[in-house]
Amino acid sequence: MQDHFSPTTIRQPAFTLEAVTKALTRAGVLDPGQAAEVLRSGRKKETALKRQLRIRESDQPYVSPIEIIAAFGFPSRNPRRKTLDEDEICELLAAKTRIPFTRIDPLKLDARSVCTIVSKPFARKNLFAPIKLDGDVLTVAMVNPFEKTTIQELEDVTGFRVRPVLAVRTEILKTINEIFAFEHSLIKAEKLKNDIPDLGNLEQLIDLAGGREIEASNQHVVNAVDLLFQYAYDQRASDIHIEPKRTYAEVRLRIDGRLHTTHSIPKPVYPSITSRVKILARMDIAEKRKPQDGRIKTKFKDTEIELRISSVPMAFGEKLVIRIFDPNLLMQDLSGLGIFPEQLTVLERIIKQPHGIILVTGPTGSGKTTTLYSALRFLSNPEVNITTIEDPIEMVYEPFNQIAVQSTVGLTFATALRNVLRQDPDIIMVGEIRDTETAEYAIQAALTGHLVLSTLHTNTAASAITRLRDLGIEPFLLASTLIGVIAQRLLRKVCTACDVPATVSPESRRLIGVDGPDIDLSGLRKGEGCQACRRTGYSGRSAIMEILEVTETIRGMIRDGEDDKYIEAAARRAGAEPLMASAARKLLCGQTTTDEIFRVVPLTGVSRDESKTGAPPQPR
């Protein structure tokens with residue numbers, strides 16, 4: 001018998017609550033009791049959904065049967081899902097029809113090509129979003145892809161052949177309200193300006209013509225900047241890069257440590273976008289030849305967000321980088337850093353010391369600031385005076401006394417630290433030890449009974465000791481003050497929505513140190529790529545750490561000027577876990593992959609002998 005949802009018999013009336021319920025029951029997704037409840041209470045649920053979704057009479061008063069069934073919250077048969085949601089229902093219906101189900105990926109959307117095809121009110125009213133134009137075929141995401149009237153009207157208006165795909169309401173409205181709105185704002189702003197020479201472009205092909213500048217306060221420009229910030233926050237971006245090219249400006253978002261190209265801004269509009277951001281950040285919009293810094297405090301979804309702005313003149317104009325600081329991510333509980341319980345115990349023991357120096361090392365973007373702020377939050381209480389010296393202040397946090405380094409007026413790390421010692425501090429955080437003077441004052445602060453936290457740019461924990469000696473710190477002073485060094489990296493985590501079993505090549509196992517016969521590889525996972533992770537196979541990041549706690553043995557080795565490799569070996573014998581071993585544990589429990597480990601963790605951080613036997617080299 002032919003299925004009710006067969007592509008040869010599908011009709012608009014077939015996409016009803018009764019028909020969808022029947023199909024889900026046949027597939028074993030709903031049991032007879034659940035199906036009866038849907039048919040009995042479905043209309044009441046539909047009325048409640050209309051109130052919840054705030055559907056206006058001016059909009060199409062339509063609620064999909066998929067949304068109605070998902071609203072019941074029945075348990076899912078899929079172990080990856082708790083309840084039967086819209087995605088699961090859509091996937092089932094897509095398998096039974098020729099109408100595919102799609103998740104709209106904003107990063108892959110060619111918004112500039114499709115956003116001008118139909119008007120925003122028409123798309124919103126009929127709950128669809130054009131997402132791809134391929135020749136004369138327009139792919140349209142629809143809540144009801146069986147609505148022939150809308151499809152026919154679209155074909156008549158656009159002149160394209162419409163290919164409907166099934167999508168969920170929230171993603172369609174988000175695409176209309178944010179992605180298309182951003183492009184429409186750029187297009188409207190572009191119409192206000194004719195081509196004129198761009199003085200910031202050092203290699204511009206100049207077309208001499210009259211024109212007028214678009215004001216940074218123009219409503220279309222204001223809307224475009226606001227939408228860009230909102231979009232970046234929704235995508236969990238840590239940075240927004242706006243990079244001028246010869247004829248356009250490119251927008252790239254850094255998500256989970258990797259850059260993704262998202263938008264293209266017309267060159268005539270780009271200076272106005274730049275000026276708008278600089279105005280918000282209280283920067284000098286007239287100064288385009290020198291680097292500038294600024295900051296914006298704004299609110300997204302009831303969360304206050306810090307945006308740190310940096311502008312630098314490039315060949316084709318000013319490049320802006322906007323760093324997004326979400327306080328929920330920057331200042332976490334120490335347990336939220338993702339490290340193992342025994343490492344957390346050591347970390348808490350180190351930072352609870354009454355005085356001394358704690359260093360966090362690693363390259364830019366390795367999470368050092370998050371670790372420092374989280375440690376300060378752990379230590380913060382009304383009985384202690386915490387002072388930070390930063391360049392610039394990463395995030396303003398009232399319980400701390402925060403000082404911004406200003407080299408132009410002589411306020412450096414060293415001078416700020418020297419004066420902070422007169423401010424009766426208990427805990428001092430120095431953004432970075434860059435020179436001998438800063439290092440000496442940090443040592444002096446630790447010797448006089450203060451807890452000092454700072455960062456260094458070194459690859460391993462033990463090499464931080466060598467760096468400080470190179471800066472001129474006497475070994476006996478270093479031995480008296482250093483209480484711990486933390487080397488860390490951030491590894492992308494395997495997406496739990498699309499993870500599948502994985503294997504590791506023998507060579508990779510050898511390099512990572514998991515080639516022993518008794519090592520269980522059954523927990524290895526990798527992400528296949530899905531909409532939730534933007535087809536990358538990864539979602540979110542987790543820290544791995546190498547914590548070198550300065551024991552009496554290590555203190556003596558520092559005092560004697562031992563090489564860092566022997567100090568590192570002593571730390572291994574005392575139980576310190578190298579970065580590669582920490583990464584290997586994340587691999588074995590299915591949290592990351594070998595590709596990600598090799599991308600982030602230096603192979604020089606673990607010896608080949610240690611990978612094989614687990615025994616570090618012996619000291620002299």
# chains A, B, ... in the order shown; residues from 1 in each chain; ligands from 1
$ select_by_dssp --residues "range 183-366 of chain A" --states "strand (DSSP E or B)" --output "PyMOL selection string"
chain A and resi 237-244+248-255+258-266+292-300+303-314+317-325+356-361
$ closest_atom_pairs --of "range 523-565 of chain A" --to "range 453-466 of chain A" --cutoff "8 Å" --atoms "only C-alpha atoms" --output "tab-separated table"
residue	atom	partner	partner_atom	distance
A:Glu546	CA	A:Ala461	CA	6.8
A:Ile547	CA	A:Ala461	CA	7.2
A:Leu548	CA	A:Ala461	CA	6.3
A:Ile558	CA	A:Ile465	CA	7.8
A:Asp563	CA	A:Thr466	CA	7.7
A:Asp564	CA	A:Ala462	CA	5.2
A:Lys565	CA	A:Ala462	CA	7.2
$ closest_residue --among "A:Ala583, A:Leu154, A:Ile68, A:Leu259" --to "Gly338 in chain A" --atoms "only C-alpha atoms"
A:Ala583
$ closest_residue --among "A:Leu588, A:Ile273, A:Leu344, A:Val157" --to "Leu186 in chain A" --atoms "only C-alpha atoms"
A:Ile273
$ residues_around --residues "Thr102 in chain A" --least-positions-apart "2" --cutoff "12 Å" --atoms "only C-alpha atoms" --output "compact mmCIF listing (two decimals) with N, CA and C atoms, in the first residue's frame"
# COMPACT_ATOMS: atom_id res chain seq x y z
N GLU A 86 10.85 19.25 17.29
CA GLU A 86 10.55 19.57 15.89
C GLU A 86 11.57 18.95 14.94
N ASP A 87 12.84 18.99 15.32
CA ASP A 87 13.87 18.44 14.44
C ASP A 87 13.65 16.97 14.14
N GLU A 88 13.32 16.20 15.19
CA GLU A 88 13.14 14.76 15.00
C GLU A 88 11.92 14.48 14.12
N CYS A 90 10.64 16.52 11.87
CA CYS A 90 10.97 16.97 10.51
C CYS A 90 11.84 15.94 9.79
N GLU A 91 12.81 15.38 10.50
CA GLU A 91 13.68 14.38 9.89
C GLU A 91 12.89 13.16 9.43
N LEU A 93 9.60 13.07 8.60
CA LEU A 93 8.77 13.42 7.45
C LEU A 93 9.60 13.60 6.20
N ALA A 94 10.81 14.14 6.35
CA ALA A 94 11.68 14.30 5.19
C ALA A 94 12.04 12.95 4.59
N ILE A 99 10.41 16.14 0.10
CA ILE A 99 10.68 17.47 0.65
C ILE A 99 11.76 17.33 1.71
N PRO A 100 12.99 17.74 1.44
CA PRO A 100 14.07 17.55 2.42
C PRO A 100 13.91 18.51 3.60
N ILE A 104 19.04 25.79 8.74
CA ILE A 104 19.62 26.96 8.09
C ILE A 104 20.93 27.32 8.78
N ASP A 105 22.02 27.23 8.04
CA ASP A 105 23.34 27.57 8.57
C ASP A 105 23.67 28.99 8.19
N ALA A 129 11.93 31.57 3.98
CA ALA A 129 13.17 32.33 3.79
C ALA A 129 13.92 31.75 2.61
N ILE A 131 17.03 30.70 0.73
CA ILE A 131 18.35 30.43 1.31
C ILE A 131 19.42 30.13 0.27
N LYS A 132 19.03 29.86 -0.99
CA LYS A 132 20.04 29.55 -1.99
C LYS A 132 19.48 29.80 -3.38
N THR A 139 15.98 27.91 -3.76
CA THR A 139 15.65 27.05 -2.62
C THR A 139 15.07 27.90 -1.51
N VAL A 140 13.88 27.50 -1.05
CA VAL A 140 13.16 28.28 -0.05
C VAL A 140 12.83 27.40 1.15
N ALA A 141 13.27 27.82 2.33
CA ALA A 141 12.95 27.12 3.57
C ALA A 141 11.57 27.57 4.04
N MET A 142 10.68 26.59 4.31
CA MET A 142 9.30 26.90 4.64
C MET A 142 8.85 26.09 5.85
N VAL A 143 7.97 26.69 6.64
CA VAL A 143 7.32 25.95 7.72
C VAL A 143 6.34 24.94 7.14
N PRO A 145 6.07 23.42 3.56
CA PRO A 145 6.56 23.33 2.18
C PRO A 145 5.53 22.73 1.22
N PRO A 164 11.03 23.94 -2.57
CA PRO A 164 10.74 24.09 -1.14
C PRO A 164 11.47 23.05 -0.31
N VAL A 165 11.94 23.47 0.87
CA VAL A 165 12.52 22.55 1.85
C VAL A 165 11.86 22.84 3.19
N LEU A 166 11.79 21.82 4.02
CA LEU A 166 11.17 21.94 5.34
C LEU A 166 12.16 22.54 6.33
N ALA A 167 11.71 23.49 7.15
CA ALA A 167 12.56 24.11 8.18
C ALA A 167 11.69 24.49 9.36
N VAL A 168 12.32 24.79 10.48
CA VAL A 168 11.57 25.15 11.69
C VAL A 168 11.37 26.65 11.75
N ARG A 169 10.29 27.04 12.41
CA ARG A 169 9.88 28.44 12.46
C ARG A 169 10.97 29.34 13.04
N GLU A 171 14.22 29.17 13.12
CA GLU A 171 15.35 29.45 12.25
C GLU A 171 14.94 30.33 11.07
N ILE A 172 13.73 30.13 10.57
CA ILE A 172 13.25 30.97 9.46
C ILE A 172 13.11 32.42 9.92
N CYS A 530 27.21 18.58 11.67
CA CYS A 530 25.77 18.80 11.61
C CYS A 530 25.52 20.30 11.71
N GLN A 531 24.24 20.66 11.69
CA GLN A 531 23.89 22.07 11.75
C GLN A 531 24.31 22.69 13.08
N ALA A 532 24.19 21.91 14.16
CA ALA A 532 24.51 22.44 15.49
C ALA A 532 25.96 22.87 15.59
$ atom_distance --atom1 "CA of Ile151 in chain A" --atom2 "CA of Leu39 in chain A"
28.5 Å
$ residues_around --residues "Thr593 in chain A" --least-positions-apart "4" --cutoff "7 Å" --atoms "only C-alpha atoms" --output "JSON, numbers by chain"
{"A": [526, 587, 597]}
$ write_last_selection --atoms "N, CA and C atoms" --output "PDB file, in the first residue's frame"
ATOM      1  N   LYS A 526      34.271  11.088  17.137  1.00  0.00           N
ATOM      2  CA  LYS A 526      34.506  12.217  16.229  1.00  0.00           C
ATOM      3  C   LYS A 526      33.163  12.747  15.776  1.00  0.00           C
ATOM      4  N   LEU A 587      41.039  12.693  24.667  1.00  0.00           N
ATOM      5  CA  LEU A 587      40.810  11.870  23.481  1.00  0.00           C
ATOM      6  C   LEU A 587      40.136  10.559  23.853  1.00  0.00           C
ATOM      7  N   ILE A 597      44.187  17.667  18.602  1.00  0.00           N
ATOM      8  CA  ILE A 597      45.354  17.602  19.488  1.00  0.00           C
ATOM      9  C   ILE A 597      46.609  18.033  18.745  1.00  0.00           C
TER      10      ILE A 597
END
$ residues_around --residues "range 503-508 of chain A" --least-positions-apart "4" --cutoff "9 Å" --atoms "only C-alpha atoms" --output "NGL selection string"
:A and (512-515 or 521-522 or 524-526 or 593-594 or 598)
$ residues_around --residues "Met395 in chain A" --least-positions-apart "5" --cutoff "9 Å" --atoms "only C-alpha atoms" --output "PyMOL selection string"
chain A and resi 305-308+325-327+330
$ write_last_selection --atoms "N, CA and C atoms" --output "mmCIF file, in the first residue's frame"
data_model
loop_
_atom_site.group_PDB
_atom_site.id
_atom_site.type_symbol
_atom_site.label_atom_id
_atom_site.label_comp_id
_atom_site.auth_asym_id
_atom_site.auth_seq_id
_atom_site.Cartn_x
_atom_site.Cartn_y
_atom_site.Cartn_z
ATOM 1 N N ILE A 305 27.477 42.529 28.176
ATOM 2 C CA ILE A 305 28.611 42.048 27.394
ATOM 3 C C ILE A 305 29.605 43.180 27.203
ATOM 4 N N GLU A 306 30.883 42.861 27.352
ATOM 5 C CA GLU A 306 31.954 43.826 27.061
ATOM 6 C C GLU A 306 32.470 43.567 25.649
ATOM 7 N N LEU A 307 32.559 44.624 24.855
ATOM 8 C CA LEU A 307 33.158 44.553 23.528
ATOM 9 C C LEU A 307 34.416 45.414 23.537
ATOM 10 N N ARG A 308 35.541 44.818 23.187
ATOM 11 C CA ARG A 308 36.799 45.566 23.137
ATOM 12 C C ARG A 308 37.159 45.785 21.685
ATOM 13 N N PHE A 325 33.511 39.758 25.162
ATOM 14 C CA PHE A 325 33.743 39.163 26.470
ATOM 15 C C PHE A 325 32.401 38.912 27.147
ATOM 16 N N ASP A 326 32.025 37.660 27.177
ATOM 17 C CA ASP A 326 30.814 37.247 27.882
ATOM 18 C C ASP A 326 31.218 36.908 29.315
ATOM 19 N N PRO A 327 30.707 37.637 30.315
ATOM 20 C CA PRO A 327 31.130 37.376 31.697
ATOM 21 C C PRO A 327 30.832 35.947 32.147
ATOM 22 N N LEU A 330 33.960 34.257 30.689
ATOM 23 C CA LEU A 330 35.259 34.760 31.132
ATOM 24 C C LEU A 330 35.489 34.506 32.616
#
$ closest_residue --among "A:Val384, A:Leu337, A:Val396, A:Ala375" --to "Glu304 in chain A" --atoms "only C-alpha atoms"
A:Val396
$ residues_around --residues "Glu562 in chain A" --least-positions-apart "5" --cutoff "12 Å" --atoms "only C-alpha atoms" --output "PyMOL selection string"
chain A and resi 462-463+465-466+469+475-476+479+553-557+567-570+619-620
